[in-house]
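Colleague: Below is the file structure12.txt, with compact mmCIF, C-alpha atoms.
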# COMPACT_ATOMS: atom_id res chain seq x y z
CA MET A 1 0.00 0.00 0.00
CA VAL A 2 2.71 2.49 0.95
CA LEU A 3 4.66 1.84 -2.25
CA GLU A 4 1.63 2.22 -4.54
CA ASP A 5 1.77 5.60 -6.36
CA ASP A 6 -1.72 5.56 -7.84
CA LYS A 7 -3.98 7.20 -5.24
CA ASP A 8 -7.17 5.85 -6.79
CA LEU A 9 -5.79 2.32 -6.76
CA LYS A 10 -4.74 2.77 -3.14
CA GLN A 11 -8.30 3.71 -2.21
CA GLU A 12 -9.70 0.78 -4.14
CA LEU A 13 -7.31 -1.67 -2.45
CA LEU A 14 -8.15 -0.31 0.99
CA LYS A 15 -11.87 -0.61 0.33
CA ASN A 16 -11.33 -4.19 -0.84
CA TYR A 17 -9.41 -4.96 2.36
CA PHE A 18 -12.28 -3.54 4.38
CA GLN A 19 -14.83 -5.63 2.46
CA THR A 20 -12.74 -8.75 3.08
CA ILE A 21 -12.56 -8.10 6.84
CA TYR A 22 -16.23 -7.12 6.93
CA LEU A 23 -17.45 -10.27 5.18
CA LYS A 24 -14.89 -13.00 6.01
CA ASP A 25 -13.96 -11.97 9.55
CA ILE A 26 -17.17 -10.41 10.87
CA ILE A 27 -20.31 -11.40 8.92
CA TYR A 28 -19.64 -15.04 7.95
CA PRO A 29 -17.91 -16.42 11.10
CA ASN A 30 -20.56 -14.89 13.38
CA ASN A 31 -23.56 -15.76 11.19
CA LEU A 32 -24.76 -12.15 11.23
CA ARG A 33 -27.80 -11.66 9.04
CA ASN A 34 -28.48 -7.94 9.06
CA ASN A 35 -25.56 -6.85 6.90
CA LYS A 36 -26.79 -3.28 6.55
CA ASP A 37 -26.90 -2.67 10.31
CA VAL A 38 -23.40 -4.10 10.70
CA PHE A 39 -22.05 -1.93 7.88
CA ASP A 40 -23.79 1.20 9.21
CA LEU A 41 -22.34 0.57 12.67
CA LEU A 42 -18.79 0.06 11.35
CA TYR A 43 -19.08 3.15 9.15
CA PHE A 44 -20.26 5.19 12.13
CA LEU A 45 -17.50 3.92 14.43
CA ILE A 46 -14.68 4.40 11.92
CA SER A 47 -15.95 7.91 11.17
CA ASN A 48 -15.79 8.76 14.88
CA ILE A 49 -12.45 7.39 16.05
CA GLY A 50 -11.10 8.97 19.21
CA LYS A 51 -14.50 10.22 20.32
CA ASN A 52 -16.42 9.14 23.41
CA PHE A 53 -19.40 6.87 22.90
CA SER A 54 -21.87 4.75 24.82
CA TYR A 55 -23.71 1.70 23.51
CA SER A 56 -27.05 3.37 24.19
CA ASN A 57 -26.14 6.53 22.24
CA ILE A 58 -25.03 4.50 19.22
CA ALA A 59 -28.17 2.37 19.43
CA LYS A 60 -30.33 5.50 19.46
CA THR A 61 -28.43 7.10 16.57
CA LEU A 62 -28.61 4.03 14.33
CA GLY A 63 -31.97 2.67 15.47
CA ILE A 64 -30.46 -0.62 16.62
CA ALA A 65 -31.01 -2.42 19.94
CA VAL A 66 -28.33 -1.80 22.58
CA GLU A 67 -27.53 -5.52 22.93
CA THR A 68 -27.16 -5.78 19.16
CA VAL A 69 -24.71 -2.88 19.17
CA LYS A 70 -22.66 -4.61 21.87
CA GLU A 71 -22.69 -7.87 19.88
CA TYR A 72 -21.59 -6.24 16.63
CA ILE A 73 -18.84 -4.21 18.29
CA GLY A 74 -17.61 -7.39 19.99
CA CYS A 75 -17.46 -9.15 16.63
CA ALA A 76 -15.53 -6.24 15.09
CA GLU A 77 -13.09 -6.25 18.02
CA ASN A 78 -12.54 -10.00 17.64
CA SER A 79 -11.63 -9.40 14.00
CA TYR A 80 -9.09 -6.74 15.13
CA LEU A 81 -10.72 -4.14 12.87
CA ILE A 82 -11.55 -1.84 15.77
CA TYR A 83 -10.49 -1.46 19.39
CA THR A 84 -12.35 0.06 22.34
CA LEU A 85 -10.55 2.12 24.97
CA THR A 86 -11.89 2.33 28.51
CA LYS A 87 -11.89 5.29 30.90
CA TYR A 88 -9.64 4.47 33.84
CA ASP A 89 -11.26 3.89 37.21
CA ALA A 90 -10.12 1.95 40.26
CA SER A 91 -13.50 0.18 40.13
CA VAL A 92 -13.76 -2.39 37.32
CA LYS A 93 -17.56 -2.08 37.49
CA LYS A 94 -17.32 1.65 36.78
CA GLN A 95 -14.83 1.02 33.98
CA LEU A 96 -17.37 -1.20 32.24
CA ALA A 97 -20.14 1.38 32.67
CA ASN A 98 -18.12 4.43 31.54
CA PRO A 99 -18.20 5.75 27.96
CA LYS A 100 -15.56 4.25 25.70
CA LYS A 101 -13.47 5.48 22.78
CA ILE A 102 -13.00 3.72 19.44
CA TYR A 103 -9.84 3.28 17.39
CA CYS A 104 -9.25 1.49 14.09
CA LEU A 105 -6.67 -1.07 12.99
CA ASP A 106 -5.23 1.21 10.29
CA THR A 107 -5.33 4.92 9.46
CA GLY A 108 -5.49 4.09 5.74
CA LEU A 109 -8.74 2.21 6.31
CA VAL A 110 -10.07 5.18 8.27
CA ASN A 111 -9.40 7.53 5.36
CA SER A 112 -10.83 5.22 2.73
CA ILE A 113 -13.99 4.18 4.58
CA SER A 114 -14.98 7.02 6.89
CA PHE A 115 -16.84 10.22 6.13
CA ARG A 116 -14.29 12.88 5.02
CA PHE A 117 -11.91 11.89 7.80
CA SER A 118 -8.69 12.91 6.05
CA GLU A 119 -9.45 16.52 7.01
CA ASN A 120 -8.97 15.70 10.69
CA LYS A 121 -5.27 14.89 10.87
CA GLY A 122 -5.25 15.24 14.65
CA ARG A 123 -7.60 12.26 15.06
CA LEU A 124 -5.52 10.22 12.61
CA ILE A 125 -2.36 10.94 14.62
CA GLU A 126 -4.22 9.96 17.79
CA ASN A 127 -5.29 6.68 16.15
CA LEU A 128 -1.68 6.03 15.06
CA VAL A 129 -0.43 6.61 18.61
CA TYR A 130 -3.03 4.21 20.00
CA ILE A 131 -2.14 1.45 17.51
CA SER A 132 1.56 1.92 18.26
CA LEU A 133 0.91 1.60 22.00
CA ILE A 134 -1.09 -1.57 21.41
CA LYS A 135 1.73 -3.02 19.33
CA GLY A 136 4.07 -2.18 22.18
CA LYS A 137 1.82 -4.30 24.44
CA LYS A 138 0.95 -1.35 26.68
CA GLU A 139 -2.02 -1.44 29.05
CA ILE A 140 -3.91 1.70 28.06
CA TYR A 141 -6.84 3.76 29.33
CA TYR A 142 -8.02 7.33 28.93
CA HIS A 143 -8.60 9.93 31.64
CA ARG A 144 -11.65 12.13 31.98
CA GLU A 145 -12.91 14.12 34.94
CA ASN A 146 -13.28 17.87 34.42
CA HIS A 147 -10.93 17.59 31.46
CA GLU A 148 -9.63 14.79 29.25
CA CYS A 149 -6.25 13.18 28.65
CA ASP A 150 -6.06 10.87 25.64
CA PHE A 151 -3.96 8.02 27.04
CA LEU A 152 -2.90 6.66 30.40
CA ILE A 153 -0.32 3.87 30.43
CA LYS A 154 -0.51 1.46 33.34
CA GLU A 155 2.45 -0.60 34.47
CA GLY A 156 1.82 -3.09 37.24
CA MET A 157 -0.69 -1.58 39.65
CA LYS A 158 -0.03 2.08 38.84
CA ILE A 159 -0.55 4.63 36.10
CA LYS A 160 3.00 5.53 35.04
CA HIS A 161 2.51 7.76 31.98
CA ALA A 162 0.01 10.32 30.70
CA VAL A 163 -0.03 11.14 26.98
CA GLN A 164 -1.93 13.82 25.11
CA VAL A 165 -2.14 13.90 21.29
CA THR A 166 -2.89 16.91 19.11
CA LEU A 167 -2.03 18.10 15.62
CA SER A 168 -0.56 21.38 16.83
CA LEU A 169 -0.32 23.61 19.89
CA LYS A 170 0.01 26.86 17.93
CA ASP A 171 -3.60 27.82 18.59
CA GLU A 172 -3.74 29.23 22.12
CA THR A 173 -7.16 27.73 22.90
CA THR A 174 -5.96 24.27 21.86
CA ARG A 175 -2.73 24.70 23.81
CA LYS A 176 -4.57 25.57 27.01
CA ARG A 177 -7.03 22.68 26.58
CA GLU A 178 -4.37 20.04 25.93
CA ILE A 179 -2.10 21.18 28.76
CA ARG A 180 -5.05 21.46 31.17
CA GLY A 181 -6.17 17.88 30.45
CA LEU A 182 -2.64 16.52 30.76
CA LEU A 183 -1.99 18.35 34.04
CA GLU A 184 -5.26 17.07 35.50
CA ALA A 185 -4.19 13.49 34.70
CA MET A 186 -0.69 14.10 36.09
CA ASP A 187 -2.18 15.43 39.33
CA ALA A 188 -4.65 12.54 39.57
CA TYR A 189 -1.93 9.87 39.30
CA ASN A 190 0.99 11.71 40.95
CA LEU A 191 3.07 12.02 37.78
CA ARG A 192 5.88 14.54 37.53
CA GLU A 193 6.27 14.26 33.76
CA GLY A 194 3.72 14.19 30.94
CA LEU A 195 3.93 13.94 27.15
CA ILE A 196 2.16 15.78 24.34
CA ILE A 197 2.60 14.29 20.86
CA THR A 198 2.15 16.68 17.92
CA GLU A 199 2.67 16.50 14.17
CA LYS A 200 5.89 18.57 14.08
CA GLU A 201 6.40 20.64 17.23
CA ALA A 202 8.93 20.11 20.02
CA GLU A 203 9.23 21.95 23.33
CA ILE A 204 9.82 21.48 27.06
CA ILE A 205 7.46 23.16 29.54
CA ASN A 206 8.38 23.33 33.22
CA LEU A 207 5.53 24.13 35.60
CA ASP A 208 6.49 24.18 39.28
CA GLU A 209 7.73 20.63 39.89
CA LYS A 210 6.11 19.21 36.75
CA LYS A 211 7.61 18.76 33.29
CA ILE A 212 5.70 18.52 30.01
CA VAL A 213 7.59 17.18 27.00
CA ILE A 214 6.18 18.14 23.60
CA LYS A 215 7.42 15.80 20.90
CA PRO A 216 6.74 15.31 17.15
CA ILE A 217 5.05 12.05 16.17
CA TYR A 218 7.96 10.84 14.01
CA GLU A 219 10.41 11.18 16.91
CA TRP A 220 8.08 9.35 19.28
CA LEU A 221 7.51 6.54 16.77
CA ASP A 222 11.28 6.12 16.34
CA GLU A 223 11.61 5.78 20.11
CA MET A 224 8.79 3.23 20.24
CA GLU A 225 10.42 1.25 17.44
CA SER A 226 13.77 1.23 19.21
CA GLY A 227 12.21 0.25 22.54
CA LYS A 228 12.90 3.60 24.23
CA GLY A 229 9.27 4.73 24.27
Can you dump the structure from the file as structure tokens?
Modeller:
Amino acid sequence: MVLEDDKDLKQELLKNYFQTIYLKDIIYPNNLRNNKDVFDLLYFLISNIGKNFSYSNIAKTLGIAVETVKEYIGCAENSYLIYTLTKYDASVKKQLANPKKIYCLDTGLVNSISFRFSENKGRLIENLVYISLIKGKKEIYYHRENHECDFLIKEGMKIKHAVQVTLSLKDETTRKREIRGLLEAMDAYNLREGLIITEKEAEIINLDEKKIVIKPIYEWLDEMESGKG
């Protein structure tokens, strides 16, 4: 896919890959009969990666029963097409009840299948970070109280890292929002250092006894690949 120069052919190949996963890994093995509902659900999820959702809200939006939504999402997860991310809570019961976030196996599939998603590069970078963390066998959650932090990484019994992802911090409103969410997570889990991953920007911010490292995605991916991340 990466080496293919023809953009139209790339899109066609990606759509064919999606159809193969959709039919051979989701519909046929699970004997699902309502193909349209399954497709509509997958289209909705892939078009909303990185956003919070609840089974009941999706059911209401698509006109599908809540239990059916849970079943279909479970089938899609088992096929490794999509992944659900849970809000961290010390109570497992609350974790199961909290809204979740959705990510997709591949950013290329997101662009080829979803509704005009290529315009939102920030969400694509967030999806890439999530998939890279999964490949690194990290135990991941997200944080949300008054503000949100995209990823918490748990090691053993404790949250050890907080990671925020954004396209850019040049806009002051975005900068304040991303830093505020990261600091809230750092305070909640007694972390002295936090990370913000951007498309290109790099910076170090020192706030009292806390340190925020701003790092471009390509540098972070190199570190993950080399085992330093």
Colleague: Taking all atoms listed in the file into account, name the residue in A:Asp5, A:Glu172, A:Glu225, A:Asp150 that is nearest to Gly194 in chain A.
Modeller: A:Asp150
Colleague: Enter the distance from CA of Ala97 in chain A to CA of Met157 in chain A, in Å, rounded to one decimal.
Modeller: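 Computing the Euclidean distance for CA of Ala97 in chain A and CA of Met157 in chain A yields 20.9 Å.
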Colleague: Residues of range 126-214 of chain A within 10 Å of range 84-90 of chain A: nearest atom pair and distance (Å, one decimal) for each, counting all atoms listed in the file, sorted by chain and number, as a tab-separated table?
Modeller:
residue	atom	partner	partner_atom	distance
A:Tyr130	CA	A:Leu85	CA	9.3
A:Ile140	CA	A:Leu85	CA	7.3
A:Tyr141	CA	A:Thr86	CA	5.3
A:Tyr142	CA	A:Lys87	CA	4.8
A:His143	CA	A:Lys87	CA	5.7
A:Arg144	CA	A:Lys87	CA	6.9
A:Glu145	CA	A:Lys87	CA	9.8
A:Glu148	CA	A:Lys87	CA	9.9
A:Cys149	CA	A:Lys87	CA	10.0
A:Asp150	CA	A:Lys87	CA	9.6
A:Phe151	CA	A:Leu85	CA	9.1
A:Leu152	CA	A:Tyr88	CA	7.9
A:Ile153	CA	A:Tyr88	CA	9.9
A:Lys154	CA	A:Tyr88	CA	9.6
A:Ile159	CA	A:Tyr88	CA	9.4
Colleague: If I take CA of Glu219 in chain A and CA of Ile204 in chain A, how far is one from the other in Å, to one decimal?
Modeller: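 So the two atoms, CA of Glu219 in chain A and CA of Ile204 in chain A, lie 14.5 Å apart.
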Colleague: Restricting the calculation to only C-alpha atoms, which member of A:Ile46, A:Val38, A:Leu23, A:Ile113 is positioned closest to Lys70 in chain A?
Modeller: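 When distances to Lys70 in chain A are compared using only C-alpha atoms, the smallest one comes from A:Val38.
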Colleague: Name the closest residue to Asn127 in chain A among the candidates A:His147, A:Lys210, A:Lys101, A:Lys36; distances are taken between atoms, counting only C-alpha atoms.
Modeller: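 Looking at the shortest contact to Asn127 in chain A, the residue is A:Lys101.
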Colleague: Rank nothing, just name the residue among A:Leu41, A:Leu109, A:Asp222, A:Lys94 nearest to Ala65 in chain A, using only C-alpha atoms.
Modeller: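 When distances to Ala65 in chain A are compared using only C-alpha atoms, the smallest one comes from A:Leu41.
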Colleague: Please determine the residues with any atom at most 8 Å from (6.4, 15.4, 31.7) (coordinates as given in the file, with only C-alpha atoms counting) and report them as a PyMOL selection string.
Modeller: chain A and resi 191-195+210-213
Colleague: Please provide the set of residues having any atom within 9 Å of range 9-17 of chain A, restricted to all atoms listed in the file, with same-chain residues fewer than 2 positions apart removed, written as a PyMOL selection string.
Modeller: chain A and resi 1-2+4-7+19-22+108-109+111-113
Colleague: How would the residues just picked look written out with C-alpha atoms as a compact mmCIF listing (two decimals), keeping the file's coordinate frame?
Modeller:
# COMPACT_ATOMS: atom_id res chain seq x y z
CA MET A 1 0.00 0.00 0.00
CA VAL A 2 2.71 2.49 0.95
CA GLU A 4 1.63 2.22 -4.54
CA ASP A 5 1.77 5.60 -6.36
CA ASP A 6 -1.72 5.56 -7.84
CA LYS A 7 -3.98 7.20 -5.24
CA GLN A 19 -14.83 -5.63 2.46
CA THR A 20 -12.74 -8.75 3.08
CA ILE A 21 -12.56 -8.10 6.84
CA TYR A 22 -16.23 -7.12 6.93
CA GLY A 108 -5.49 4.09 5.74
CA LEU A 109 -8.74 2.21 6.31
CA ASN A 111 -9.40 7.53 5.36
CA SER A 112 -10.83 5.22 2.73
CA ILE A 113 -13.99 4.18 4.58
Colleague: If we count all atoms listed in the file, what is near Asn48 in chain A at a cut-off of 10 Å, once residues fewer than 3 positions away on the same chain are taken out, given as a ChimeraX atom specification?
Modeller: /A:42-45,51-53,101-104,110,114-115,117,123
